[in-house]
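Content type mmCIF, C-alpha atoms, from the file coords35.cif:
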```cif
data_entry
loop_
_atom_site.group_PDB
_atom_site.id
_atom_site.type_symbol
_atom_site.label_atom_id
_atom_site.label_comp_id
_atom_site.auth_asym_id
_atom_site.auth_seq_id
_atom_site.Cartn_x
_atom_site.Cartn_y
_atom_site.Cartn_z
ATOM 1 C CA MET A 1 31.074 85.298 144.028
ATOM 2 C CA ARG A 2 32.679 83.549 141.083
ATOM 3 C CA SER A 3 31.857 84.781 137.608
ATOM 4 C CA VAL A 4 30.017 82.558 135.135
ATOM 5 C CA THR A 5 33.250 82.301 133.125
ATOM 6 C CA GLU A 6 35.148 80.953 136.136
ATOM 7 C CA GLN A 7 32.393 78.482 136.948
ATOM 8 C CA THR A 8 32.193 77.021 133.457
ATOM 9 C CA ARG A 9 35.823 77.056 132.364
ATOM 10 C CA ARG A 10 37.180 73.676 131.249
ATOM 11 C CA LEU A 11 40.050 72.264 133.286
ATOM 12 C CA MET A 12 42.447 69.738 131.769
ATOM 13 C CA LEU A 13 44.503 67.608 134.155
ATOM 14 C CA LEU A 14 47.505 65.708 132.801
ATOM 15 C CA ASP A 15 48.739 62.510 134.415
ATOM 16 C CA THR A 16 52.179 63.689 133.378
ATOM 17 C CA ALA A 17 54.279 60.594 134.107
ATOM 18 C CA SER A 18 51.771 58.399 132.279
ATOM 19 C CA LEU A 19 52.076 60.677 129.235
ATOM 20 C CA TYR A 20 55.845 61.050 129.188
ATOM 21 C CA PHE A 21 56.250 57.275 129.537
ATOM 22 C CA ARG A 22 54.035 56.904 126.468
ATOM 23 C CA ALA A 23 56.000 59.590 124.663
ATOM 24 C CA TYR A 24 59.263 57.832 125.542
ATOM 25 C CA PHE A 25 58.119 54.523 124.097
ATOM 26 C CA GLY A 26 56.256 56.111 121.178
ATOM 27 C CA VAL A 27 58.982 58.459 119.881
ATOM 28 C CA PRO A 28 62.281 56.953 118.656
ATOM 29 C CA GLU A 29 65.369 57.391 120.844
ATOM 30 C CA SER A 30 67.078 58.740 117.738
ATOM 31 C CA VAL A 31 65.397 62.066 118.590
ATOM 32 C CA LYS A 32 68.310 63.683 120.408
ATOM 33 C CA ALA A 33 69.687 66.974 121.705
ATOM 34 C CA PRO A 34 72.701 68.536 119.942
ATOM 35 C CA ASP A 35 75.031 66.713 122.362
ATOM 36 C CA GLY A 36 73.463 63.329 121.517
ATOM 37 C CA THR A 37 71.298 63.013 124.651
ATOM 38 C CA PRO A 38 67.895 61.428 123.891
ATOM 39 C CA VAL A 39 65.009 63.909 124.220
ATOM 40 C CA ASN A 40 62.277 61.706 122.784
ATOM 41 C CA ALA A 41 60.130 61.902 125.943
ATOM 42 C CA VAL A 42 60.533 65.694 126.169
ATOM 43 C CA ARG A 43 59.610 66.373 122.565
ATOM 44 C CA GLY A 44 56.907 63.716 122.552
ATOM 45 C CA LEU A 45 55.232 65.231 125.620
ATOM 46 C CA LEU A 46 55.331 68.728 124.082
ATOM 47 C CA GLU A 47 53.660 67.338 120.967
ATOM 48 C CA PHE A 48 51.054 65.579 123.132
ATOM 49 C CA ILE A 49 50.219 68.833 124.919
ATOM 50 C CA ASP A 50 50.068 70.716 121.620
ATOM 51 C CA ARG A 51 47.562 68.227 120.208
ATOM 52 C CA LEU A 52 45.476 68.175 123.397
ATOM 53 C CA VAL A 53 45.214 71.960 123.525
ATOM 54 C CA LYS A 54 44.376 72.166 119.800
ATOM 55 C CA ASP A 55 41.703 69.476 119.946
ATOM 56 C CA HIS A 56 40.082 70.172 123.317
ATOM 57 C CA ARG A 57 40.672 73.884 124.013
ATOM 58 C CA PRO A 58 40.982 73.827 127.808
ATOM 59 C CA ASP A 59 40.832 77.141 129.662
ATOM 60 C CA ALA A 60 43.051 75.793 132.440
ATOM 61 C CA LEU A 61 45.756 73.120 132.409
ATOM 62 C CA VAL A 62 47.705 71.383 135.174
ATOM 63 C CA ALA A 63 50.579 68.954 134.711
ATOM 64 C CA CYS A 64 50.069 66.699 137.747
ATOM 65 C CA MET A 65 53.223 65.004 139.029
ATOM 66 C CA ASP A 66 54.161 62.025 141.205
ATOM 67 C CA ALA A 67 55.944 63.629 144.154
ATOM 68 C CA ASP A 68 55.769 60.116 145.632
ATOM 69 C CA TRP A 69 54.913 57.317 143.205
ATOM 70 C CA ARG A 70 54.509 54.745 146.027
ATOM 71 C CA PRO A 71 53.299 56.544 149.184
ATOM 72 C CA GLN A 72 54.197 54.836 152.429
ATOM 73 C CA TRP A 73 50.638 55.157 153.751
ATOM 74 C CA ARG A 74 49.457 52.936 150.896
ATOM 75 C CA VAL A 75 52.313 50.456 151.386
ATOM 76 C CA ASP A 76 51.519 50.250 155.117
ATOM 77 C CA LEU A 77 48.031 49.056 154.214
ATOM 78 C CA ILE A 78 48.998 46.717 151.333
ATOM 79 C CA PRO A 79 52.751 45.925 151.352
ATOM 80 C CA SER A 80 52.635 44.482 147.812
ATOM 81 C CA TYR A 81 51.477 47.835 146.414
ATOM 82 C CA LYS A 82 53.725 48.545 143.383
ATOM 83 C CA ALA A 83 56.475 46.476 145.072
ATOM 84 C CA HIS A 84 57.528 44.889 141.759
ATOM 85 C CA ARG A 85 58.396 48.325 140.363
ATOM 86 C CA VAL A 86 60.894 49.241 143.082
ATOM 87 C CA ALA A 87 64.412 49.661 141.703
ATOM 88 C CA GLU A 88 65.980 50.710 145.001
ATOM 89 C CA GLU A 89 64.585 51.115 148.512
ATOM 90 C CA HIS A 90 65.324 54.281 150.493
ATOM 91 C CA GLU A 91 64.800 54.276 154.243
ATOM 92 C CA GLY A 92 63.065 57.443 155.367
ATOM 93 C CA GLY A 93 62.205 58.561 151.833
ATOM 94 C CA PRO A 94 60.377 57.493 148.660
ATOM 95 C CA ASP A 95 61.637 54.301 147.030
ATOM 96 C CA GLU A 96 63.197 54.675 143.611
ATOM 97 C CA GLU A 97 60.988 53.522 140.751
ATOM 98 C CA GLU A 98 62.359 51.364 137.962
ATOM 99 C CA VAL A 99 62.628 53.764 135.011
ATOM 100 C CA PRO A 100 64.524 53.317 131.715
ATOM 101 C CA ASP A 101 68.067 54.733 131.950
ATOM 102 C CA THR A 102 67.534 57.196 129.108
ATOM 103 C CA LEU A 103 64.184 58.434 130.456
ATOM 104 C CA SER A 104 65.241 59.482 133.969
ATOM 105 C CA PRO A 105 67.505 62.366 132.797
ATOM 106 C CA GLN A 106 64.669 63.739 130.661
ATOM 107 C CA VAL A 107 62.269 64.260 133.575
ATOM 108 C CA PRO A 108 64.052 67.357 135.003
ATOM 109 C CA VAL A 109 64.137 68.799 131.467
ATOM 110 C CA ILE A 110 60.385 68.262 131.139
ATOM 111 C CA GLU A 111 59.833 70.005 134.468
ATOM 112 C CA ALA A 112 62.032 72.961 133.513
ATOM 113 C CA VAL A 113 60.307 73.391 130.146
ATOM 114 C CA LEU A 114 56.819 73.281 131.700
ATOM 115 C CA ASP A 115 57.878 75.871 134.285
ATOM 116 C CA ALA A 116 59.373 78.194 131.654
ATOM 117 C CA LEU A 117 56.214 77.878 129.559
ATOM 118 C CA GLY A 118 54.085 78.807 132.567
ATOM 119 C CA ILE A 119 52.069 75.569 132.572
ATOM 120 C CA ALA A 120 51.068 74.828 136.158
ATOM 121 C CA ARG A 121 52.991 71.824 137.479
ATOM 122 C CA VAL A 122 51.802 70.336 140.763
ATOM 123 C CA GLY A 123 53.165 67.468 142.830
ATOM 124 C CA VAL A 124 52.599 67.151 146.582
ATOM 125 C CA GLU A 125 54.902 65.266 148.943
ATOM 126 C CA GLY A 126 53.402 61.965 150.069
ATOM 127 C CA TYR A 127 50.930 61.727 147.198
ATOM 128 C CA GLU A 128 50.737 60.353 143.685
ATOM 129 C CA ALA A 129 49.649 62.339 140.646
ATOM 130 C CA ASP A 130 46.341 60.436 140.795
ATOM 131 C CA ASP A 131 45.646 61.991 144.196
ATOM 132 C CA VAL A 132 46.497 65.477 142.922
ATOM 133 C CA ILE A 133 44.131 64.874 140.000
ATOM 134 C CA GLY A 134 41.412 63.609 142.333
ATOM 135 C CA THR A 135 41.650 66.695 144.534
ATOM 136 C CA PHE A 136 41.667 69.158 141.629
ATOM 137 C CA THR A 137 38.677 67.306 140.161
ATOM 138 C CA GLY A 138 36.747 67.454 143.422
ATOM 139 C CA ARG A 139 37.318 71.202 143.711
ATOM 140 C CA ALA A 140 36.523 72.037 140.085
ATOM 141 C CA THR A 141 33.435 74.132 139.421
ATOM 142 C CA GLY A 142 33.308 73.412 135.694
ATOM 143 C CA PRO A 143 33.938 70.473 133.350
ATOM 144 C CA VAL A 144 37.153 68.453 133.726
ATOM 145 C CA ASP A 145 39.139 66.455 131.172
ATOM 146 C CA ILE A 146 41.596 64.000 132.742
ATOM 147 C CA VAL A 147 44.258 62.802 130.307
ATOM 148 C CA THR A 148 45.825 59.548 131.455
ATOM 149 C CA GLY A 149 46.888 56.110 130.336
ATOM 150 C CA ASP A 150 45.948 54.784 133.788
ATOM 151 C CA ARG A 151 42.503 53.187 134.032
ATOM 152 C CA ASP A 152 42.496 53.730 137.824
ATOM 153 C CA LEU A 153 41.266 57.260 137.164
ATOM 154 C CA TYR A 154 38.053 55.965 135.587
ATOM 155 C CA GLN A 155 36.727 56.155 139.158
ATOM 156 C CA LEU A 156 36.521 59.953 138.792
ATOM 157 C CA VAL A 157 34.223 59.901 135.739
ATOM 158 C CA ASP A 158 31.018 61.777 136.551
ATOM 159 C CA ASP A 159 28.602 62.826 133.817
ATOM 160 C CA LYS A 160 26.651 65.185 136.070
ATOM 161 C CA ARG A 161 29.788 67.170 136.850
ATOM 162 C CA GLY A 162 31.207 66.934 133.332
ATOM 163 C CA VAL A 163 34.213 64.862 134.405
ATOM 164 C CA ARG A 164 35.565 62.532 131.743
ATOM 165 C CA VAL A 165 38.788 60.646 131.079
ATOM 166 C CA LEU A 166 40.646 61.003 127.784
ATOM 167 C CA TYR A 167 42.566 57.740 127.461
ATOM 168 C CA PRO A 168 45.263 57.641 124.743
ATOM 169 C CA LEU A 169 44.941 54.671 122.422
ATOM 170 C CA LYS A 170 47.593 55.774 119.933
ATOM 171 C CA GLY A 171 49.631 58.831 120.852
ATOM 172 C CA VAL A 172 47.065 61.439 121.800
ATOM 173 C CA GLY A 173 45.646 61.750 118.308
ATOM 174 C CA THR A 174 43.340 58.821 119.057
ATOM 175 C CA LEU A 175 41.714 59.178 122.448
ATOM 176 C CA GLN A 176 39.067 57.030 124.055
ATOM 177 C CA LEU A 177 36.544 59.449 125.534
ATOM 178 C CA THR A 178 35.514 57.707 128.722
ATOM 179 C CA ASP A 179 32.181 58.770 130.184
ATOM 180 C CA GLU A 180 29.629 56.873 132.264
ATOM 181 C CA SER A 181 27.905 55.424 129.206
ATOM 182 C CA TRP A 182 31.198 53.922 128.004
ATOM 183 C CA LEU A 183 31.990 52.571 131.482
ATOM 184 C CA ARG A 184 28.605 50.898 131.821
ATOM 185 C CA GLU A 185 28.932 49.292 128.404
ATOM 186 C CA LYS A 186 32.490 48.100 129.048
ATOM 187 C CA TYR A 187 32.433 47.245 132.766
ATOM 188 C CA GLY A 188 28.817 47.453 133.904
ATOM 189 C CA VAL A 189 29.585 50.187 136.447
ATOM 190 C CA ASP A 190 29.632 53.965 136.642
ATOM 191 C CA GLY A 191 32.628 56.044 137.713
ATOM 192 C CA ALA A 192 31.958 55.634 141.427
ATOM 193 C CA GLY A 193 31.633 51.872 141.005
ATOM 194 C CA TYR A 194 34.888 51.459 139.104
ATOM 195 C CA ALA A 195 37.047 51.670 142.248
ATOM 196 C CA ASP A 196 35.054 48.828 143.856
ATOM 197 C CA LEU A 197 35.361 46.790 140.653
ATOM 198 C CA ALA A 198 39.136 47.338 140.550
ATOM 199 C CA LEU A 199 39.484 46.489 144.233
ATOM 200 C CA LEU A 200 37.614 43.198 143.889
ATOM 201 C CA ARG A 201 39.254 42.228 140.595
ATOM 202 C CA GLY A 202 42.749 43.204 141.670
ATOM 203 C CA ASP A 203 45.452 44.737 139.516
ATOM 204 C CA PRO A 204 48.797 42.961 139.043
ATOM 205 C CA SER A 205 50.342 46.113 137.558
ATOM 206 C CA ASP A 206 49.808 47.864 140.904
ATOM 207 C CA GLY A 207 50.455 44.828 143.097
ATOM 208 C CA LEU A 208 46.824 44.642 144.250
ATOM 209 C CA PRO A 209 45.848 41.010 144.909
ATOM 210 C CA GLY A 210 42.080 41.396 144.662
ATOM 211 C CA VAL A 211 39.695 38.750 145.988
ATOM 212 C CA PRO A 212 40.741 35.273 144.787
ATOM 213 C CA GLY A 213 38.267 33.847 142.303
ATOM 214 C CA ILE A 214 36.531 37.201 141.746
ATOM 215 C CA GLY A 215 37.416 38.359 138.246
ATOM 216 C CA GLU A 216 36.178 41.389 136.382
ATOM 217 C CA LYS A 217 32.898 39.876 135.164
ATOM 218 C CA THR A 218 32.028 38.385 138.544
ATOM 219 C CA ALA A 219 32.871 41.665 140.287
ATOM 220 C CA ALA A 220 30.579 43.543 137.883
ATOM 221 C CA LYS A 221 27.748 41.065 138.516
ATOM 222 C CA LEU A 222 28.146 41.357 142.285
ATOM 223 C CA LEU A 223 28.095 45.152 142.097
ATOM 224 C CA ALA A 224 24.987 45.052 139.901
ATOM 225 C CA GLU A 225 23.316 42.748 142.422
ATOM 226 C CA PHE A 226 24.350 44.387 145.692
ATOM 227 C CA GLY A 227 25.100 47.987 144.722
ATOM 228 C CA ASP A 228 28.576 48.578 146.101
ATOM 229 C CA LEU A 229 31.357 47.007 148.143
ATOM 230 C CA ALA A 230 29.539 47.591 151.431
ATOM 231 C CA GLY A 231 26.445 45.909 150.010
ATOM 232 C CA ILE A 232 28.477 42.917 148.855
ATOM 233 C CA MET A 233 30.107 42.475 152.257
ATOM 234 C CA ALA A 234 26.716 42.818 153.954
ATOM 235 C CA ALA A 235 25.497 40.003 151.704
ATOM 236 C CA VAL A 236 28.344 37.804 152.983
ATOM 237 C CA ASP A 237 26.763 38.036 156.452
ATOM 238 C CA ASP A 238 23.246 37.451 155.136
ATOM 239 C CA PRO A 239 22.585 33.745 154.738
ATOM 240 C CA THR A 240 19.598 34.494 152.489
ATOM 241 C CA SER A 241 21.624 36.499 149.963
ATOM 242 C CA ARG A 242 22.224 35.086 146.507
ATOM 243 C CA LEU A 243 25.962 34.598 146.828
ATOM 244 C CA THR A 244 27.308 31.220 145.798
ATOM 245 C CA PRO A 245 29.006 29.243 148.577
ATOM 246 C CA SER A 246 32.421 29.759 146.963
ATOM 247 C CA GLN A 247 31.865 33.529 146.574
ATOM 248 C CA ARG A 248 30.755 33.810 150.196
ATOM 249 C CA LYS A 249 33.794 31.854 151.375
ATOM 250 C CA ARG A 250 36.306 33.828 149.312
ATOM 251 C CA LEU A 251 34.866 37.196 150.276
ATOM 252 C CA ASP A 252 34.753 36.193 153.936
ATOM 253 C CA GLU A 253 38.384 35.070 153.863
ATOM 254 C CA SER A 254 39.357 38.327 152.143
ATOM 255 C CA ARG A 255 37.943 40.617 154.854
ATOM 256 C CA PRO A 256 41.393 41.887 155.956
ATOM 257 C CA TYR A 257 42.166 42.945 152.370
ATOM 258 C CA VAL A 258 38.695 44.393 151.749
ATOM 259 C CA ALA A 259 38.937 46.440 154.953
ATOM 260 C CA VAL A 260 42.059 48.355 153.845
ATOM 261 C CA ALA A 261 41.944 48.229 150.044
ATOM 262 C CA PRO A 262 39.434 51.083 149.540
ATOM 263 C CA LYS A 263 41.873 53.632 150.967
ATOM 264 C CA VAL A 264 44.620 52.294 148.683
ATOM 265 C CA VAL A 265 42.554 52.033 145.501
ATOM 266 C CA ARG A 266 40.511 55.230 145.773
ATOM 267 C CA VAL A 267 42.320 58.428 144.894
ATOM 268 C CA ALA A 268 42.687 60.945 147.695
ATOM 269 C CA GLY A 269 40.463 63.983 147.538
ATOM 270 C CA ASP A 270 42.066 65.991 150.307
ATOM 271 C CA VAL A 271 45.596 66.676 149.037
ATOM 272 C CA PRO A 272 46.914 70.043 150.334
ATOM 273 C CA LEU A 273 47.273 71.671 146.929
ATOM 274 C CA PRO A 274 49.484 74.746 146.549
ATOM 275 C CA ASP A 275 47.964 77.995 145.378
ATOM 276 C CA VAL A 276 48.784 77.997 141.650
ATOM 277 C CA ASP A 277 47.482 79.810 138.586
ATOM 278 C CA THR A 278 46.070 77.038 136.411
ATOM 279 C CA THR A 279 45.097 79.320 133.509
ATOM 280 C CA LEU A 280 46.440 78.076 130.194
ATOM 281 C CA PRO A 281 49.286 80.452 129.269
ATOM 282 C CA HIS A 282 49.224 82.296 125.953
ATOM 283 C CA ALA A 283 52.900 83.292 126.134
ATOM 284 C CA PRO A 284 55.906 81.826 128.007
ATOM 285 C CA ARG A 285 56.359 82.817 131.626
ATOM 286 C CA ASP A 286 60.148 82.957 131.198
ATOM 287 C CA PRO A 287 61.057 83.447 127.510
ATOM 288 C CA ALA A 288 64.814 83.672 128.174
ATOM 289 C CA ALA A 289 64.870 80.402 130.119
ATOM 290 C CA LEU A 290 62.716 78.734 127.466
ATOM 291 C CA ASP A 291 65.047 79.884 124.671
ATOM 292 C CA ALA A 292 68.037 78.506 126.576
ATOM 293 C CA LEU A 293 66.281 75.173 127.106
ATOM 294 C CA ALA A 294 65.229 75.008 123.453
ATOM 295 C CA THR A 295 68.819 75.561 122.328
ATOM 296 C CA ARG A 296 70.417 73.246 124.904
ATOM 297 C CA TRP A 297 68.054 70.358 124.240
ATOM 298 C CA GLY A 298 67.203 70.902 120.583
ATOM 299 C CA LEU A 299 63.467 71.137 121.143
ATOM 300 C CA GLY A 300 62.917 72.631 117.683
ATOM 301 C CA GLY A 301 59.552 72.273 116.007
ATOM 302 C CA SER A 302 57.920 70.445 118.925
ATOM 303 C CA LEU A 303 58.236 73.503 121.144
ATOM 304 C CA GLN A 304 57.497 76.034 118.388
ATOM 305 C CA ARG A 305 54.258 74.297 117.454
ATOM 306 C CA LEU A 306 53.114 74.311 121.071
ATOM 307 C CA LEU A 307 54.011 78.002 121.440
ATOM 308 C CA SER A 308 52.003 78.808 118.295
ATOM 309 C CA THR A 309 49.014 76.850 119.614
ATOM 310 C CA LEU A 310 49.154 78.578 123.007
ATOM 311 C CA HIS A 311 49.447 81.992 121.377
ATOM 312 C CA ALA A 312 46.441 81.274 119.155
#
```

Please lay out the structure from this file as structure tokens.
Amino acid sequence: MRSVTEQTRRLMLLDTASLYFRAYFGVPESVKAPDGTPVNAVRGLLEFIDRLVKDHRPDALVACMDADWRPQWRVDLIPSYKAHRVAEEHEGGPDEEEVPDTLSPQVPVIEAVLDALGIARVGVEGYEADDVIGTFTGRATGPVDIVTGDRDLYQLVDDKRGVRVLYPLKGVGTLQLTDESWLREKYGVDGAGYADLALLRGDPSDGLPGVPGIGEKTAAKLLAEFGDLAGIMAAVDDPTSRLTPSQRKRLDESRPYVAVAPKVVRVAGDVPLPDVDTTLPHAPRDPAALDALATRWGLGGSLQRLLSTLHA
């Protein structure tokens, strides 16, 4: 039987790529290692984590990774899924994502630093970080803070379970605390309804076409009227329902998309997660490796501040 402490401990899940992209664009490229290599994303991410731990005091922390940023099983269902972001296609393996030239070399450094610190880092082949986050969230027995710049994860917000999204507005010093009250005010839906809203509305940034003519406001109204996606599609077949002729026609013509889109849009909850210790470390797991990384990459005050915060 789990102890009360285990049941109530606060878990923080980082959408790591989302955060290091923000760090890369938010910290000047003039922040460099001794050899002149830019380390703005590395140092920026360390400063993000430092601020998050200081402000929100998680008991457990996981840096969730994209082992596959564009899983084939999603592409098989909707071929346009993230297609505009492909830099190079690889037969038999994950396609290469378009990433700034000076960011790509920083990702292995980020991974090495997280590992030396002892911060759990989890990516699972065939799944995106969102899916890893969704599975950790589903298994959590206490409150969960999801830190992401990706609104797709609003679908996991659940007040009853204490699941909220911390969405960075400016760095991570200014976070939008997204709970069900905020979602209802902004979109007219709760966490569970956000995936249906996104599916109907579409999302050009992810290559999701949506239902033509059904924008965000119309999608919210339909969900308020009919409850969920299944209720909306049942209304298409009900001649007495209060759909307009154009809505009925567009939804009817979009049945092939509506049939497959839920699996693409909704985060997976059944990712085979490795057995990892998610407890927030108070001291580095590998001090020698961390010292070598700090020297090689000139991590300076960014790393020292995080170490002080973890120790405290």

Notebook entry, point to check: Suppose you want the space between CA of Arg57 in chain A and CA of Leu13 in chain A; what is it in Å?
Noted result: 12.5 Å

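The nearest approach to Val211 in chain A among the residues A:Leu117, A:Val75, A:Leu199, A:Val163, with only C-alpha atoms taken into account, belongs to A:Leu199.
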
Margin query: For the PyMOL selection byres ((chain A and resi 112) around 12), applied here, can you spell out every residue it catches as a list of chain:residue names?
Written below: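 Checking the PyMOL selection byres ((chain A and resi 112) around 12) against this file, the residues are A:Val42, A:Pro105, A:Gln106, A:Val107, A:Pro108, A:Val109, A:Ile110, A:Glu111, A:Val113, A:Leu114, A:Asp115, A:Ala116, A:Leu117, A:Gly118, A:Ile119, A:Ala120, A:Arg121, A:Arg285, A:Asp286, A:Ala289, A:Leu290, A:Asp291, A:Ala292, A:Leu293, A:Ala294, A:Trp297.
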
Next item on the list: Give the answer as one residue: which of A:Leu197, A:Leu61, A:Val39, A:Leu175 has the shortest atom-to-atom distance to Leu280 in chain A, using only C-alpha atoms?
Entry: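 Answer, going by the shortest atom-to-atom distance: A:Leu61.
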
Check: Applied to the shown file, which residues does the PyMOL selection byres ((chain A and resi 264-273) around 9) return, written as a PyMOL selection string?
Finding: chain A and resi 73-75+77-78+81+122-124+127-128+130-139+152-153+155-156+195-196+198-199+208+260-263+274-276

Margin query: Could you tell me how far CA of Arg51 in chain A sits from CA of Glu98 in chain A, in Å to one decimal place?
Written below: 28.6 Å

Next item on the list: Can you work out which one of A:Asp145, A:Asp55, A:Asp150, A:Asp50 has the shortest atom-to-atom distance to Ser18 in chain A, counting all atoms listed in the file?
Entry: A:Asp150

Margin query: With the PyMOL selection byres ((chain A and resi 165) around 9) as the selection, what would be picked from this file? Answer as an MDAnalysis selection string, please.
Written below: chainID A and resid 144:148 151 153:154 156:157 163:164 166:167 176:179
